[in-house]
>>> print(open('upload-v6.csv').read())   # CSV, C-alpha atoms
chain,number,residue,atom,x,y,z
A,12,VAL,CA,-2.0,3.6,-0.4
A,13,PRO,CA,-0.1,4.4,2.8
A,14,THR,CA,-0.9,7.5,4.9
A,15,GLY,CA,2.7,7.7,6.1
A,16,PHE,CA,6.0,6.0,6.5
A,17,GLY,CA,6.2,2.8,8.5
A,18,VAL,CA,2.5,1.8,8.4
A,19,GLY,CA,3.4,-1.7,7.2
A,20,LEU,CA,2.2,-1.4,3.6
A,21,THR,CA,3.9,-4.6,2.4
A,22,SER,CA,2.4,-6.6,5.2
A,23,ILE,CA,-1.1,-5.4,4.4
A,24,SER,CA,-0.5,-6.2,0.7
A,25,LEU,CA,0.5,-9.7,1.6
A,26,GLY,CA,-2.5,-10.1,3.9
A,27,MET,CA,-5.0,-8.7,1.4
A,28,THR,CA,-3.7,-11.0,-1.3
A,29,ARG,CA,-4.1,-14.0,0.9
A,30,ALA,CA,-7.6,-12.9,2.0
A,31,LEU,CA,-8.8,-12.3,-1.6
A,32,GLU,CA,-7.4,-15.7,-2.7
A,33,ARG,CA,-9.2,-17.4,0.2
A,34,SER,CA,-12.4,-15.8,-0.9
A,35,GLY,CA,-12.1,-17.6,-4.2
A,36,LEU,CA,-10.7,-14.8,-6.3
A,37,ASN,CA,-7.9,-15.1,-8.8
A,38,VAL,CA,-5.6,-12.3,-7.7
A,39,GLY,CA,-2.9,-10.3,-9.5
A,40,PHE,CA,-0.3,-8.0,-7.9
A,41,CYS,CA,1.7,-5.1,-9.2
A,42,LYS,CA,4.1,-2.7,-7.5
A,43,PRO,CA,4.5,-0.2,-10.4
A,44,ILE,CA,7.5,1.7,-9.0
A,45,ALA,CA,10.2,0.0,-7.0
A,46,GLN,CA,11.3,1.4,-3.7
A,47,ASN,CA,14.1,-0.7,-2.4
A,48,LEU,CA,15.7,0.1,0.9
A,49,PRO,CA,19.2,1.7,0.8
A,50,GLY,CA,21.8,-0.9,0.0
A,51,GLU,CA,19.2,-3.3,-1.6
A,52,ASN,CA,20.1,-4.1,-5.2
A,53,GLY,CA,17.9,-7.2,-5.7
A,54,PRO,CA,14.4,-7.5,-6.9
A,55,GLU,CA,11.6,-5.2,-5.6
A,56,ARG,CA,10.7,-6.4,-2.1
A,57,SER,CA,6.9,-6.5,-2.2
A,58,SER,CA,6.8,-8.2,-5.6
A,59,GLU,CA,9.4,-10.8,-4.5
A,60,LEU,CA,7.5,-11.6,-1.3
A,61,ILE,CA,4.3,-12.0,-3.2
A,62,ALA,CA,5.9,-14.3,-5.8
A,63,ARG,CA,7.5,-16.5,-3.1
A,64,THR,CA,4.4,-16.8,-1.0
A,65,HIS,CA,1.8,-17.0,-3.8
A,66,PRO,CA,3.0,-19.3,-6.5
A,67,ALA,CA,0.0,-18.5,-8.8
A,68,ILE,CA,1.0,-14.8,-8.9
A,69,ASN,CA,3.9,-13.6,-11.1
A,70,PRO,CA,4.2,-9.8,-10.6
A,71,PRO,CA,5.7,-7.8,-13.5
A,72,LYS,CA,9.1,-6.1,-12.9
A,73,SER,CA,8.7,-2.7,-11.3
A,74,LEU,CA,10.0,0.5,-12.9
A,75,ALA,CA,13.3,1.5,-11.4
A,76,LEU,CA,12.9,4.5,-9.1
A,77,ALA,CA,16.0,6.2,-10.5
A,78,GLU,CA,14.6,6.0,-14.0
A,79,VAL,CA,11.2,7.3,-12.8
A,80,GLU,CA,12.8,10.3,-11.2
A,81,ARG,CA,14.8,11.0,-14.3
A,82,MET,CA,11.7,10.9,-16.4
A,83,LEU,CA,9.8,13.2,-13.9
A,84,GLY,CA,12.7,15.6,-14.1
A,85,ASP,CA,12.4,15.6,-17.9
A,86,GLY,CA,8.6,16.3,-17.7
A,87,GLN,CA,7.7,12.8,-18.9
A,88,LEU,CA,4.9,12.0,-16.4
A,89,ASP,CA,2.5,10.9,-19.2
A,90,GLU,CA,5.1,8.4,-20.4
A,91,ILE,CA,5.5,7.0,-16.9
A,92,LEU,CA,1.8,6.6,-16.5
A,93,GLU,CA,1.6,4.7,-19.9
A,94,GLN,CA,4.3,2.3,-18.6
A,95,VAL,CA,2.4,1.8,-15.3
A,96,VAL,CA,-0.8,1.1,-17.1
A,97,HIS,CA,1.0,-1.4,-19.3
A,98,LEU,CA,2.5,-3.2,-16.3
A,99,CYS,CA,-0.9,-3.4,-14.6
A,100,GLN,CA,-2.4,-4.8,-17.8
A,101,LEU,CA,0.2,-7.5,-17.8
A,102,ALA,CA,-0.4,-8.2,-14.1
A,103,SER,CA,-4.2,-8.4,-14.5
A,104,GLU,CA,-4.3,-10.8,-17.4
A,105,GLY,CA,-6.6,-13.7,-16.4
A,106,LYS,CA,-7.2,-12.3,-13.0
A,107,ASP,CA,-10.4,-11.4,-11.2
A,108,VAL,CA,-8.9,-8.5,-9.2
A,109,LEU,CA,-5.6,-6.6,-9.3
A,110,LEU,CA,-3.9,-5.3,-6.2
A,111,VAL,CA,-1.7,-2.4,-6.9
A,112,GLU,CA,0.7,-1.2,-4.2
A,113,GLY,CA,1.3,2.6,-4.0
A,114,MET,CA,4.4,4.5,-3.2
A,115,VAL,CA,5.6,5.3,0.3
A,116,ALA,CA,6.5,8.9,1.1
A,117,ASN,CA,9.9,9.5,2.7
A,118,ARG,CA,12.7,12.1,2.5
A,119,GLN,CA,13.7,10.8,-0.9
A,120,THR,CA,10.2,10.5,-2.4
A,121,SER,CA,8.3,13.5,-1.1
A,122,TYR,CA,6.3,13.4,-4.3
A,123,ALA,CA,4.8,10.0,-3.5
A,124,ALA,CA,1.3,11.3,-2.5
A,125,GLU,CA,0.9,13.2,-5.7
A,126,ALA,CA,2.3,10.2,-7.7
A,127,ASN,CA,-0.2,7.8,-6.0
A,128,ALA,CA,-3.1,10.1,-7.0
A,129,LYS,CA,-2.0,10.2,-10.6
A,130,LEU,CA,-1.5,6.4,-10.7
A,131,ALA,CA,-5.0,5.8,-9.2
A,132,GLN,CA,-6.5,8.2,-11.8
A,133,ALA,CA,-4.7,6.6,-14.7
A,134,LEU,CA,-5.8,3.1,-13.6
A,135,ASN,CA,-9.3,4.2,-12.6
A,136,ALA,CA,-8.6,2.3,-9.4
A,137,GLU,CA,-10.5,2.1,-6.2
A,138,VAL,CA,-8.4,3.2,-3.3
A,139,ILE,CA,-7.8,1.6,0.2
A,140,LEU,CA,-5.7,3.6,2.6
A,141,VAL,CA,-3.3,1.9,5.0
A,142,SER,CA,-2.6,3.7,8.3
A,143,ALA,CA,-1.2,2.9,11.8
A,144,PRO,CA,-1.8,4.7,15.1
A,145,ASP,CA,1.4,6.5,16.1
A,146,GLY,CA,0.6,7.9,19.5
A,147,GLU,CA,-1.5,10.8,18.2
A,148,SER,CA,-5.0,11.6,19.3
A,149,PHE,CA,-8.0,10.3,17.4
A,150,ALA,CA,-8.5,13.8,16.0
A,151,GLU,CA,-4.9,14.0,14.7
A,152,LEU,CA,-5.1,10.5,13.2
A,153,SER,CA,-8.4,11.3,11.5
A,154,ASP,CA,-6.9,14.5,10.1
A,155,ARG,CA,-4.0,12.6,8.7
A,156,ILE,CA,-6.3,10.1,7.0
A,157,GLU,CA,-8.6,12.8,5.6
A,158,LEU,CA,-5.7,14.8,4.2
A,159,GLN,CA,-4.6,11.7,2.3
A,160,ALA,CA,-8.1,10.9,1.1
A,161,GLN,CA,-8.3,14.4,-0.4
A,162,GLN,CA,-5.7,13.3,-3.0
A,163,PHE,CA,-8.3,10.9,-4.3
A,164,GLY,CA,-11.4,13.2,-4.3
A,165,GLY,CA,-12.1,13.1,-0.6
A,166,TYR,CA,-13.4,10.5,1.8
A,167,ALA,CA,-16.9,10.6,0.3
A,168,SER,CA,-15.6,9.8,-3.2
A,169,PRO,CA,-16.9,6.5,-4.7
A,170,GLN,CA,-13.2,5.8,-5.5
A,171,MET,CA,-12.3,5.8,-1.8
A,172,LEU,CA,-13.3,2.5,-0.2
A,173,GLY,CA,-11.9,3.1,3.3
A,174,VAL,CA,-8.9,2.4,5.5
A,175,ILE,CA,-7.1,-0.5,7.0
A,176,PHE,CA,-5.4,0.1,10.3
A,177,ASN,CA,-2.2,-1.8,11.1
A,178,LYS,CA,-0.1,-2.3,14.3
A,179,VAL,CA,-3.1,-1.6,16.5
A,180,ARG,CA,-2.2,-2.0,20.2
A,181,ASP,CA,-5.6,-1.3,21.8
A,182,GLU,CA,-8.4,-3.8,21.2
A,183,ASN,CA,-10.9,-1.0,21.7
A,184,PHE,CA,-9.2,1.2,19.2
A,185,THR,CA,-11.7,0.8,16.3
A,186,ALA,CA,-14.8,1.4,18.5
A,187,GLN,CA,-13.3,4.4,20.2
A,188,LEU,CA,-12.2,5.9,16.8
A,189,LYS,CA,-15.7,5.5,15.4
A,190,SER,CA,-17.3,7.1,18.4
A,191,GLN,CA,-15.0,10.1,18.5
A,192,SER,CA,-14.1,10.9,14.9
A,193,PRO,CA,-16.6,12.7,12.6
A,194,LEU,CA,-14.8,11.1,9.7
A,195,PHE,CA,-16.2,7.7,10.5
A,196,LYS,CA,-19.6,8.8,11.7
A,197,SER,CA,-20.8,9.9,8.2
A,198,GLY,CA,-21.1,6.3,6.9
A,199,HIS,CA,-19.2,7.4,3.7
A,200,PHE,CA,-15.8,6.2,5.0
A,201,ARG,CA,-15.3,2.8,6.5
A,202,VAL,CA,-12.7,1.0,8.6
A,203,LEU,CA,-12.1,-2.1,6.5
A,204,GLY,CA,-9.8,-3.8,8.9
A,205,SER,CA,-7.8,-3.5,12.1
A,206,ILE,CA,-4.7,-5.6,12.4
A,207,PRO,CA,-3.4,-6.0,16.0
A,208,TRP,CA,0.3,-5.4,16.9
A,209,ASN,CA,2.2,-8.6,17.2
A,210,ALA,CA,5.9,-8.2,18.3
A,211,ASP,CA,6.7,-11.8,17.3
A,212,LEU,CA,5.9,-11.0,13.6
A,213,ASN,CA,8.5,-8.2,13.7
A,214,ALA,CA,11.2,-10.6,14.7
A,215,PRO,CA,12.2,-12.9,11.8
A,216,ARG,CA,13.3,-16.4,12.6
A,217,THR,CA,16.8,-17.5,11.8
A,218,SER,CA,15.3,-20.0,9.4
A,219,ASP,CA,13.5,-17.2,7.6
A,220,VAL,CA,16.7,-15.2,7.2
A,221,ALA,CA,18.6,-18.2,6.0
A,222,GLU,CA,15.9,-19.0,3.4
A,223,LEU,CA,15.9,-15.5,2.2
A,224,MET,CA,19.6,-15.5,1.8
A,225,GLN,CA,19.5,-19.0,0.3
A,226,ALA,CA,22.0,-20.1,2.9
>>> encode(input="upload-v6.csv", output="structure tokens")
Amino acid sequence: VPTGFGVGLTSISLGMTRALERSGLNVGFCKPIAQNLPGENGPERSSELIARTHPAINPPKSLALAEVERMLGDGQLDEILEQVVHLCQLASEGKDVLLVEGMVANRQTSYAAEANAKLAQALNAEVILVSAPDGESFAELSDRIELQAQQFGGYASPQMLGVIFNKVRDENFTAQLKSQSPLFKSGHFRVLGSIPWNADLNAPRTSDVAELMQA
């Protein structure tokens, strides 16, 4: 579950899937609600990337965002959750673990945080937050994470496993955060990973673009 926009949620999903597979687990993946970028009319991005890079995984088709919003407007939240549970059941068949990617909050989906909490509750899921330092102080970053954790019962909840930091530019970031933030001193909330910033990974190769476009 992302703590904000632009934290690199899809990248972390890909990395976690690979890490779990390398540990010997049979992994399933599901992005219950599609969030294509403006102008994208093809398949849901995360599911498509998972399917292309992990041949053993066949994610189910995500619910269309427009349809979900229509149902929310009609007060059909329970029906949405039933469909999400069904998708996740399909994705988890024959799997040891299922990775479910939450929604990203933006100007069009301001309800994403509440939706993620409802989805986690319906699935009885354990939650990993994904965050990225964005120039704020350690106190401000911790507050942002703790605010998101409150959606899932707080940072001390058994449901809340911890946080993965992405796009980390300072190699001492994790140690400094742990020493300065009360959130991480309690022992209830853990830093599960810290992914360093790599500018090269943000610049796709021409061959990658050509392959994606099947050119």
>>> residues_around(input="upload-v6.csv", residues="Val95 of chain A", least_positions_apart="6", cutoff="10 Å", atoms="all atoms listed in the file", output="PyMOL selection string")
chain A and resi 41-44+73-74+89+101+130+133-134
>>> closest_atom_pairs(input="upload-v6.csv", of="segment 101-181 of chain A", to="segment 18-33 of chain A", cutoff="9 Å", atoms="all atoms listed in the file", output="Markdown table")
| residue | atom | partner | partner_atom | distance |
| --- | --- | --- | --- | --- |
| A:Val108 | CA | A:Leu31 | CA | 8.5 |
| A:Leu110 | CA | A:Thr28 | CA | 7.5 |
| A:Val111 | CA | A:Ser24 | CA | 8.6 |
| A:Glu112 | CA | A:Ser24 | CA | 7.1 |
| A:Gly113 | CA | A:Leu20 | CA | 8.6 |
| A:Val115 | CA | A:Leu20 | CA | 8.2 |
| A:Val141 | CA | A:Leu20 | CA | 6.6 |
| A:Ser142 | CA | A:Val18 | CA | 5.4 |
| A:Ala143 | CA | A:Val18 | CA | 5.1 |
| A:Pro144 | CA | A:Val18 | CA | 8.5 |
| A:Ile175 | CA | A:Ile23 | CA | 8.2 |
| A:Phe176 | CA | A:Val18 | CA | 8.3 |
| A:Asn177 | CA | A:Val18 | CA | 6.5 |
| A:Lys178 | CA | A:Val18 | CA | 7.6 |
>>> atom_distance(input="upload-v6.csv", atom1="atom CA of Ser121 of chain A", atom2="atom CA of Gly39 of chain A")
27.6 Å
>>> atom_distance(input="upload-v6.csv", atom1="atom CA of Gly35 of chain A", atom2="atom CA of Ala67 of chain A")
13.0 Å
>>> residues_around(input="upload-v6.csv", residues="Glu137 of chain A", least_positions_apart="4", cutoff="10 Å", atoms="all atoms listed in the file", output="ChimeraX atom specification")
/A:110-111,131-132,163,168-173
>>> residues_around(input="upload-v6.csv", residues="segment 76-84 of chain A", least_positions_apart="6", cutoff="10 Å", atoms="all atoms listed in the file", output="ChimeraX atom specification")
/A:43-47,90-91,120,122
